[in-house]
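Participant: Pasting input_37.txt here (compact mmCIF, C-alpha atoms and all ligand atoms):
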```txt
# COMPACT_ATOMS: atom_id res chain seq x y z
CA MET L 1 50.19 107.20 235.97
CA LYS L 2 48.01 106.04 238.89
CA SER L 3 48.26 102.44 239.98
CA MET L 4 45.62 100.09 238.60
CA LEU L 5 45.91 97.78 241.61
CA ASP L 6 43.74 97.98 244.71
CA LEU L 7 44.91 97.51 248.30
CA SER L 8 44.09 93.79 248.43
CA THR L 9 46.73 93.04 245.80
CA TYR L 10 49.36 94.86 247.87
CA ILE L 11 48.28 93.05 251.02
CA LYS L 12 48.72 89.71 249.22
CA LEU L 13 52.19 90.77 248.07
CA ILE L 14 53.24 91.50 251.65
CA ARG L 15 51.80 88.19 252.84
CA SER L 16 53.78 86.36 250.18
CA GLY L 17 57.01 87.95 251.39
CA GLU L 18 57.33 90.75 248.82
CA VAL L 19 58.05 94.44 249.39
CA VAL L 20 55.51 97.19 248.70
CA ALA L 21 55.94 100.97 248.88
CA PHE L 22 53.21 102.90 250.68
CA PRO L 23 52.55 106.51 251.70
CA THR L 24 52.80 107.84 255.24
CA GLU L 25 52.40 111.42 256.46
CA THR L 26 56.20 111.87 256.40
CA VAL L 27 57.61 110.13 253.28
CA TYR L 28 56.87 106.92 251.33
CA GLY L 29 58.01 103.74 253.08
CA LEU L 30 59.30 100.50 251.61
CA GLY L 31 57.27 97.96 253.56
CA ALA L 32 57.97 94.31 254.34
CA ASP L 33 56.53 91.88 256.89
CA ALA L 34 58.42 92.53 260.15
CA TRP L 35 58.34 88.80 261.02
CA ASN L 36 59.62 87.51 257.67
CA PRO L 37 63.45 87.47 257.39
CA SER L 38 63.60 86.93 253.63
CA ALA L 39 61.15 89.81 253.03
CA ILE L 40 63.31 92.06 255.22
CA ARG L 41 66.43 91.01 253.33
CA LYS L 42 64.69 92.15 250.13
CA VAL L 43 64.26 95.63 251.62
CA PHE L 44 68.02 95.96 252.07
CA GLU L 45 68.68 94.55 248.59
CA VAL L 46 66.16 96.73 246.77
CA LYS L 47 67.38 99.90 248.48
CA GLY L 48 71.05 99.04 248.46
CA ARG L 49 70.94 99.81 252.18
CA PRO L 50 73.91 98.89 254.38
CA SER L 51 72.87 96.05 256.68
CA ASP L 52 74.16 97.87 259.77
CA ASN L 53 71.49 100.57 259.36
CA PRO L 54 68.43 99.39 261.34
CA LEU L 55 64.81 99.66 260.23
CA ILE L 56 61.79 101.26 261.86
CA VAL L 57 58.84 98.95 262.59
CA HIS L 58 55.53 100.54 261.54
CA ILE L 59 52.37 99.53 263.36
CA ALA L 60 48.67 100.38 263.10
CA ASP L 61 47.64 99.28 266.60
CA SER L 62 49.53 100.57 269.64
CA GLU L 63 49.10 97.18 271.39
CA GLU L 64 51.63 95.83 268.86
CA VAL L 65 54.35 97.72 270.73
CA HIS L 66 54.30 94.94 273.31
CA ASN L 67 55.23 92.36 270.67
CA PHE L 68 58.46 94.23 269.89
CA ALA L 69 59.46 96.17 273.03
CA ASP L 70 60.67 94.30 276.06
CA LYS L 71 59.35 96.94 278.42
CA VAL L 72 57.15 99.93 277.68
CA PRO L 73 58.18 102.55 280.22
CA ASP L 74 55.77 105.21 281.40
CA SER L 75 57.64 107.76 279.25
CA ALA L 76 56.95 105.71 276.10
CA GLN L 77 53.27 105.39 276.98
CA ARG L 78 53.05 109.15 277.40
CA LEU L 79 54.66 109.80 274.02
CA MET L 80 52.45 107.20 272.34
CA ASP L 81 49.34 108.77 273.89
CA GLY L 82 50.52 112.26 273.01
CA PHE L 83 51.91 111.84 269.51
CA TRP L 84 50.66 108.62 267.90
CA PRO L 85 49.57 108.23 265.25
CA GLY L 86 52.16 110.74 264.07
CA PRO L 87 55.70 111.51 262.91
CA LEU L 88 57.46 110.22 266.05
CA THR L 89 59.61 107.07 266.20
CA ILE L 90 60.34 105.67 269.66
CA VAL L 91 63.41 103.53 270.38
CA LEU L 92 62.93 100.95 273.17
CA LYS L 93 64.69 97.81 274.45
CA LYS L 94 63.71 94.98 272.13
CA LYS L 95 62.16 91.61 272.85
CA PRO L 96 64.54 88.71 272.09
CA LYS L 97 62.29 87.43 269.28
CA VAL L 98 62.64 90.66 267.25
CA LEU L 99 64.78 89.80 264.22
CA ASP L 100 68.40 91.00 264.30
CA LEU L 101 67.98 91.96 260.66
CA ILE L 102 65.63 94.75 261.74
CA THR L 103 67.77 96.10 264.55
CA ALA L 104 71.19 95.52 262.95
CA GLY L 105 72.08 93.49 265.99
CA LEU L 106 71.28 96.30 268.47
CA ASP L 107 69.37 95.45 271.64
CA THR L 108 66.84 98.18 270.82
CA VAL L 109 63.99 98.49 268.34
CA ALA L 110 62.49 101.61 266.72
CA LEU L 111 58.67 101.82 266.49
CA ARG L 112 56.22 104.20 264.90
CA MET L 113 52.52 104.48 264.13
CA PRO L 114 52.04 106.54 260.96
CA ASP L 115 49.21 109.03 260.63
CA HIS L 116 47.90 108.30 257.15
CA PRO L 117 44.59 106.61 256.25
CA LEU L 118 46.12 104.36 253.56
CA ALA L 119 49.04 103.36 255.79
CA SER L 120 46.70 102.57 258.70
CA GLU L 121 44.38 100.48 256.55
CA PHE L 122 47.27 98.68 254.90
CA ILE L 123 49.20 97.87 258.09
CA SER L 124 46.07 96.88 260.00
CA LYS L 125 45.60 94.14 257.37
CA THR L 126 49.24 93.08 256.88
CA GLY L 127 50.43 93.37 260.48
CA PRO L 128 53.62 95.27 261.44
CA LEU L 129 55.89 96.30 258.58
CA VAL L 130 59.50 97.36 258.57
CA ALA L 131 59.64 100.40 256.35
CA PRO L 132 62.66 102.54 255.58
CA SER L 133 62.15 105.38 253.15
CA ALA L 134 61.30 103.96 249.70
CA ASN L 135 64.31 105.39 247.84
CA LYS L 136 67.60 103.96 246.65
CA SER L 137 70.20 104.54 249.35
CA GLY L 138 71.79 107.95 248.85
CA LYS L 139 68.77 109.42 247.03
CA PRO L 140 66.35 111.86 248.66
CA SER L 141 63.42 110.24 250.45
CA PRO L 142 60.36 109.91 248.20
CA THR L 143 57.42 112.20 248.86
CA LYS L 144 55.42 111.13 245.79
CA ALA L 145 54.70 107.73 244.21
CA GLU L 146 56.53 108.87 241.07
CA HIS L 147 59.74 109.28 243.10
CA VAL L 148 59.50 105.62 244.12
CA ARG L 149 59.01 104.59 240.49
CA ALA L 150 61.91 106.78 239.42
CA ASP L 151 64.18 104.84 241.79
CA PHE L 152 62.77 101.30 241.47
CA GLY L 153 61.11 101.20 238.04
CA ASP L 154 57.67 101.84 236.56
CA ASN L 155 56.30 98.45 237.55
CA PHE L 156 57.34 98.62 241.18
CA PRO L 157 54.38 98.04 243.54
CA VAL L 158 53.59 101.38 245.15
CA ILE L 159 50.35 102.45 246.79
CA ASP L 160 49.79 105.93 245.37
CA GLY L 161 48.53 108.33 248.01
CA GLY L 162 49.67 111.52 246.29
CA ALA L 163 52.21 113.89 247.83
CA THR L 164 52.99 113.28 251.51
CA GLU L 165 51.99 115.99 253.97
CA VAL L 166 55.11 116.52 256.10
CA GLY L 167 57.82 115.69 253.57
CA LEU L 168 60.56 115.09 256.18
CA GLU L 169 61.27 111.84 258.02
CA SER L 170 59.96 111.22 261.55
CA THR L 171 61.62 112.43 264.74
CA VAL L 172 63.52 109.50 266.30
CA VAL L 173 63.70 109.59 270.11
CA ASP L 174 65.65 107.06 272.17
CA LEU L 175 64.11 106.21 275.54
CA THR L 176 66.68 103.61 276.55
CA ALA L 177 69.27 105.95 278.06
CA GLU L 178 69.12 107.89 281.34
CA PHE L 179 67.45 110.83 279.58
CA PRO L 180 65.37 110.95 276.37
CA LEU L 181 67.59 111.66 273.40
CA ILE L 182 66.51 112.82 269.94
CA LEU L 183 68.60 110.83 267.45
CA ARG L 184 67.03 112.39 264.37
CA PRO L 185 65.24 115.75 264.43
CA GLY L 186 61.77 115.98 262.91
CA ILE L 187 58.74 118.25 263.10
CA ILE L 188 58.11 117.10 266.68
CA GLY L 189 60.95 118.73 268.62
CA GLU L 190 62.51 118.54 272.07
CA GLU L 191 60.17 121.17 273.47
CA GLU L 192 57.00 119.29 272.51
CA LEU L 193 58.43 116.00 273.78
CA GLY L 194 59.73 117.61 276.96
CA SER L 195 56.39 119.16 277.84
CA VAL L 196 54.59 115.81 277.52
CA LEU L 197 57.33 113.95 279.42
CA ASN L 198 57.87 116.65 282.00
CA MET L 199 61.60 116.33 281.72
CA GLU L 200 64.50 117.58 279.70
CA VAL L 201 64.93 116.03 276.26
CA ARG L 202 68.35 116.29 274.64
CA VAL L 203 69.34 116.26 271.00
CA ALA L 204 72.21 114.04 269.84
CA SER L 205 74.89 116.04 268.11
CA SER L 206 75.51 115.03 264.52
CA GLU L 207 79.22 115.18 265.32
CA ASP L 208 78.88 112.37 267.87
CA GLU L 209 81.86 110.08 267.41
CA LYS L 210 79.89 106.90 267.82
CA PRO L 211 76.42 107.67 266.57
CA ARG L 212 73.67 106.01 268.59
CA SER L 213 71.47 106.03 265.50
CA PRO L 214 73.53 104.15 262.94
CA GLY L 215 71.74 105.98 260.11
CA GLN L 216 73.44 109.20 261.20
CA LYS L 217 76.78 108.13 259.82
CA TYR L 218 75.42 107.71 256.29
CA SER L 219 75.04 110.67 254.02
CA HIS L 220 71.38 110.48 253.06
CA TYR L 221 69.19 112.92 251.26
CA LYS L 222 71.68 113.76 248.57
CA PRO L 223 70.79 115.08 245.12
CA GLN L 224 73.29 115.13 242.26
CA ALA L 225 73.14 118.93 242.14
CA SER L 226 75.32 120.55 244.76
CA VAL L 227 73.27 121.97 247.62
CA LYS L 228 73.99 125.49 248.77
CA TYR L 229 72.52 127.35 251.70
CA GLY L 230 72.84 130.93 252.86
CA ARG L 231 72.35 134.46 251.61
CA ILE L 232 71.68 134.69 247.90
CA GLY L 233 73.68 136.98 245.66
CA ASP L 234 73.14 137.45 241.91
CA PRO L 235 71.06 134.52 240.61
CA LYS L 236 72.64 132.19 238.06
CA ASN L 237 70.80 130.26 235.34
CA ASN L 238 72.25 126.85 236.22
CA THR L 239 70.93 127.06 239.80
CA LEU L 240 67.47 126.32 241.21
CA TYR L 241 66.64 128.76 244.01
CA LEU L 242 64.29 128.10 246.93
CA VAL L 243 63.82 131.55 248.42
CA GLN L 244 61.87 133.07 251.30
CA ASN L 245 60.85 136.24 249.53
CA GLU L 246 60.39 136.60 245.82
CA PHE L 247 63.05 139.04 244.69
CA GLU L 248 62.83 138.32 240.98
CA LYS L 249 60.35 136.48 238.76
CA SER L 250 62.06 133.61 237.00
CA GLU L 251 61.43 129.92 236.34
CA ASN L 252 64.40 128.85 238.44
CA ILE L 253 63.37 130.92 241.48
CA ILE L 254 60.73 129.36 243.71
CA SER L 255 59.39 131.51 246.49
CA TYR L 256 58.02 130.13 249.76
CA ASN L 257 56.99 133.48 251.27
CA GLY L 258 58.03 132.29 254.70
CA ASP L 259 55.94 129.08 254.52
CA LEU L 260 58.40 126.70 256.17
CA SER L 261 55.91 123.79 256.14
CA LEU L 262 55.56 124.07 252.39
CA LEU L 263 59.34 124.18 251.96
CA SER L 264 59.64 121.01 254.10
CA LYS L 265 56.90 119.31 252.15
CA GLU L 266 58.54 120.12 248.82
CA LEU L 267 62.26 119.99 249.64
CA TYR L 268 62.98 116.44 248.40
CA ASP L 269 60.79 116.94 245.35
CA ARG L 270 62.82 120.07 244.52
CA PHE L 271 66.07 118.10 244.96
CA ARG L 272 64.80 115.58 242.42
CA GLN L 273 63.53 118.35 240.12
CA ALA L 274 66.96 119.99 240.14
CA ASP L 275 68.50 116.71 238.95
CA LEU L 276 65.82 115.96 236.36
CA GLU L 277 66.10 119.43 234.88
CA GLY L 278 69.90 119.35 234.95
CA PHE L 279 70.58 122.19 237.37
CA SER L 280 74.13 122.03 238.66
CA ALA L 281 73.16 123.51 242.03
CA ILE L 282 70.17 124.08 244.27
CA PHE L 283 70.40 127.12 246.53
CA ILE L 284 68.19 127.37 249.62
CA GLU L 285 67.92 130.81 251.08
CA ASN L 286 68.78 131.10 254.77
CA ILE L 287 65.80 130.22 257.02
CA ASP L 288 67.16 131.68 260.29
CA ASP L 289 64.24 134.14 260.48
CA HIS L 290 62.00 131.18 261.39
CA LYS L 291 64.16 129.77 264.15
CA LYS L 292 62.21 131.52 266.90
CA ASN L 293 58.66 130.88 265.74
CA TYR L 294 59.08 127.33 264.38
CA PRO L 295 62.02 125.85 266.29
CA SER L 296 61.36 122.14 265.58
CA LEU L 297 60.54 122.59 261.93
CA TYR L 298 63.56 124.88 261.59
CA SER L 299 65.93 122.31 263.14
CA ALA L 300 64.51 119.41 261.14
CA LEU L 301 64.77 121.30 257.87
CA LEU L 302 68.26 122.62 258.58
CA ASN L 303 69.39 119.09 259.47
CA ARG L 304 68.23 117.77 256.07
CA ILE L 305 69.76 120.69 254.19
CA GLN L 306 73.09 120.23 255.97
CA LYS L 307 73.12 116.49 255.31
CA ALA L 308 72.47 117.12 251.65
CA LYS L 309 75.34 119.62 251.50
CA ARG L 310 78.04 117.16 252.55
P1 LIG Z 401 64.86 105.49 257.44
O1 LIG Z 401 64.08 104.25 257.61
O2 LIG Z 401 65.60 105.55 256.16
O3 LIG Z 401 64.01 106.69 257.73
O4 LIG Z 401 65.94 105.47 258.60
C1 LIG Z 401 65.60 104.98 259.88
C2 LIG Z 401 66.39 105.69 260.93
O5 LIG Z 401 66.06 105.16 262.22
C3 LIG Z 401 67.89 105.51 260.75
O6 LIG Z 401 68.53 106.73 261.03
C4 LIG Z 401 68.22 104.46 261.79
O7 LIG Z 401 69.55 104.51 262.20
C5 LIG Z 401 67.24 104.79 262.90
N1 LIG Z 401 66.98 103.62 263.75
C6 LIG Z 401 66.27 102.53 263.44
N2 LIG Z 401 66.29 101.62 264.44
C7 LIG Z 401 67.05 102.16 265.42
C8 LIG Z 401 67.47 101.71 266.71
N3 LIG Z 401 67.11 100.54 267.21
N4 LIG Z 401 68.25 102.54 267.43
C9 LIG Z 401 68.62 103.74 266.95
N5 LIG Z 401 68.26 104.21 265.74
C10 LIG Z 401 67.49 103.45 264.98
MG MG Z 402 65.96 106.86 254.49
```
I'd like the structure from this file rewritten - as structure tokens, please.

Facilitator:
Amino acid sequence: MKSMLDLSTYIKLIRSGEVVAFPTETVYGLGADAWNPSAIRKVFEVKGRPSDNPLIVHIADSEEVHNFADKVPDSAQRLMDGFWPGPLTIVLKKKPKVLDLITAGLDTVALRMPDHPLASEFISKTGPLVAPSANKSGKPSPTKAEHVRADFGDNFPVIDGGATEVGLESTVVDLTAEFPLILRPGIIGEEELGSVLNMEVRVASSEDEKPRSPGQKYSHYKPQASVKYGRIGDPKNNTLYLVQNEFEKSENIISYNGDLSLLSKELYDRFRQADLEGFSAIFIENIDDHKKNYPSLYSALLNRIQKAKR
């Protein structure tokens, strides 16, 4: 069912301190006015999100960065020029006025400008929005409006923009340390960032004892069905298979023919499908063949699969 509301209704909701889900190119976000503490508290309540997991501020105008970041180093400007609007979140030292609720008390703030016409129009009218993924904590991120409704109810305000293009959350890069550090892999990888910055970009290990990105310590992206990954043996009926090459025609075997972008776009939808249709497992065939040609996409996808496995 498509929403009967138009954008102006959603804009009013934000202005009155409510939360609204909206599409971006990555996943659907749960938006709230970044300057309204009680609206931000609602985001944590609705999601059931631990309060020590900070939120990304979404903007539609790059000038807004200066209202949140204390300093915008040359490296940040280069990344903004090179990748915004787009699936890249930049972590910078925060201005004192940025609410602690957003940053979970950290002295840094995460910022992103989404690349989606509805998101841009919406945020340009509401002003900056905090927006974590619009799912209940522990559920896969929503890539369709119906996923948001499945988690928050049929009457939940969601701007329906259809299926999101990327399907995986943004790359998060921290520019506050001595070298740029990717805290969360996404479709923009260390090579792309490094070539724009002209310096080495490192990737935080997920085994880091004290994660710099607090979100890393939570097990996100988890369906009810157990997630398996590797080489596929004899197919079983109670398992949904996401395979690279079609080896058998069957309703529970979905072939991606090496299209890693399509697998990324659909992964969370398939997780939800597996649960809705009562599969006890979802088996993703090994994607190592793509490591060389699509390194960033490969790492981002593998990261989500591994998180879902735990
Ligand atoms: P989500 O909104 O669900 O996509 O999650 C946002 C991600 O960004 C989480 O992994 C957070 O830990 C991370 N994040 C947000 N703000 C910061 C920050 N100031 N420093 C480091 N990581 C952050
Ligand atoms: Mg999330």

Participant: Quick one: pull the distance between CA of Ser75 (chain L) and CA of Leu55 (chain L), Å, one decimal.

Facilitator: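 Those two atoms sit 21.9 Å apart.
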
Participant: Contacts of region 114-127 of chain L at 10 Å or less, counting all atoms listed in the file, minus same-chain residues fewer than 3 places along, as a PyMOL selection string?

Facilitator: chain L and resi 7-8+10-15+22-26+28-29+31-35+58-61+64+83-89+111+159-161+164-165+170

Participant: Could you tell me, counting only C-alpha atoms and all ligand atoms, which protein and nucleic acid residues lie no more than 12 Å from ligand MG 402 (chain Z), written as JSON, numbers by chain?

Facilitator: {"L": [26, 27, 28, 29, 30, 43, 44, 47, 48, 49, 50, 53, 54, 55, 56, 131, 132, 133, 134, 135, 136, 137, 138, 139, 140, 141, 142, 143, 168, 169, 170, 184, 214, 215, 216, 218, 219, 220, 221, 222, 268, 304]}

Participant: Rounded to one decimal place, report the CA of Glu190 (chain L)-CA of Lys265 (chain L) distance in Å.

Facilitator: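 Taking CA of Glu190 (chain L) and CA of Lys265 (chain L), their separation equals 20.7 Å.
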
Participant: Rank nothing, just name the residue among L:Pro73, L:Phe179, L:Pro157, L:Gly186 nearest to Glu200 (chain L), using all atoms listed in the file.

Facilitator: L:Phe179

Participant: Which residue, L:Phe283, L:Tyr298, L:Tyr241, L:Phe68, has the smallest gap to Pro185 (chain L) when you use only C-alpha atoms?

Facilitator: L:Tyr298

Participant: Around ligand LIG 401 (chain Z), with edges along x, y and z and 4 Å added on all six sides, what centre and edge lengths do you get, in Å to one decimal, as JSON?

Facilitator:
```
{"center_x": 66.8, "center_y": 103.6, "center_z": 261.8, "size_x": 13.5, "size_y": 14.2, "size_z": 19.3}
```

Participant: I'd like the neighbourhood of His290 (chain L) as a list in words, where a residue qualifies if any of its atoms comes within 12 Å (using only C-alpha atoms), though same-chain residues fewer than 4 positions away should be ignored.

Facilitator: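 Listed by chain and then number, they are Gln244, Asn257, Gly258, Asp259, Leu260, Ser261, Glu285, Asn286, Tyr294, Pro295, Ser296, Leu297, Tyr298, Ser299, Leu301 and Leu302 of chain L.
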
Participant: Just give me the gap between atom C10 of ligand LIG 401 (chain Z) and CA of Phe152 (chain L) in Å, one decimal is fine.

Facilitator: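 That distance, rounded to one decimal, is 24.1 Å.
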
Participant: Have a look at L:Gly105, L:Pro235, L:Gly167, L:Gly162 and name the one nearest to Leu267 (chain L); count only C-alpha atoms.

Facilitator: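 Among L:Gly105, L:Pro235, L:Gly167, L:Gly162, it is L:Gly167 that comes nearest to Leu267 (chain L).
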
Participant: Taking only C-alpha atoms into account, which of L:Ala163, L:Ile282, L:Leu92, L:Ala110 comes nearest Ala145 (chain L)?

Facilitator: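 Nearest candidate to Ala145 (chain L) out of L:Ala163, L:Ile282, L:Leu92, L:Ala110: L:Ala163.
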
Participant: Using only C-alpha atoms - which residues lie no farther than 12 Å from the point (67.6, 119.4, 233.9) in the file's frame? Write them as number ranges by chain.

Facilitator: L: 224-225, 237-240, 252, 270-282

Participant: Here is a test: counting all atoms listed in the file, which residue of L:Ile232, L:Leu101, L:Leu262, L:Ile187 is nearest to ligand LIG 401 (chain Z)?

Facilitator: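 Nearest to ligand LIG 401 (chain Z): L:Leu101.
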
Participant: Of the residues L:Asp289, L:Glu146, L:Glu266, L:Asp100, which is the one nearest to ligand LIG 401 (chain Z), using all atoms listed in the file?

Facilitator: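 The answer is L:Asp100, which sits nearest to ligand LIG 401 (chain Z).
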
Participant: Residues near Pro96 (chain L), anyone? I mean within 10 Å using only C-alpha atoms, not counting same-chain ones fewer than 6 positions away, as a list in words.

Facilitator: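 Listing them by chain and then by number gives Phe68, Ala69, Asp70, Asp107 and Thr108 of chain L.
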
Participant: Do a neighbour search on Pro180 (chain L) at 8 Å with only C-alpha atoms, toss out local chain neighbours closer than 5 positions, and write the hits as a PyMOL selection string.

Facilitator: chain L and resi 173-175+200-202

Participant: Any chance you can output those residues with C-alpha atoms as a compact mmCIF listing (two decimals), keeping the file's coordinate frame?

Facilitator:
```txt
# COMPACT_ATOMS: atom_id res chain seq x y z
CA VAL L 173 63.70 109.59 270.11
CA ASP L 174 65.65 107.06 272.17
CA LEU L 175 64.11 106.21 275.54
CA GLU L 200 64.50 117.58 279.70
CA VAL L 201 64.93 116.03 276.26
CA ARG L 202 68.35 116.29 274.64
```
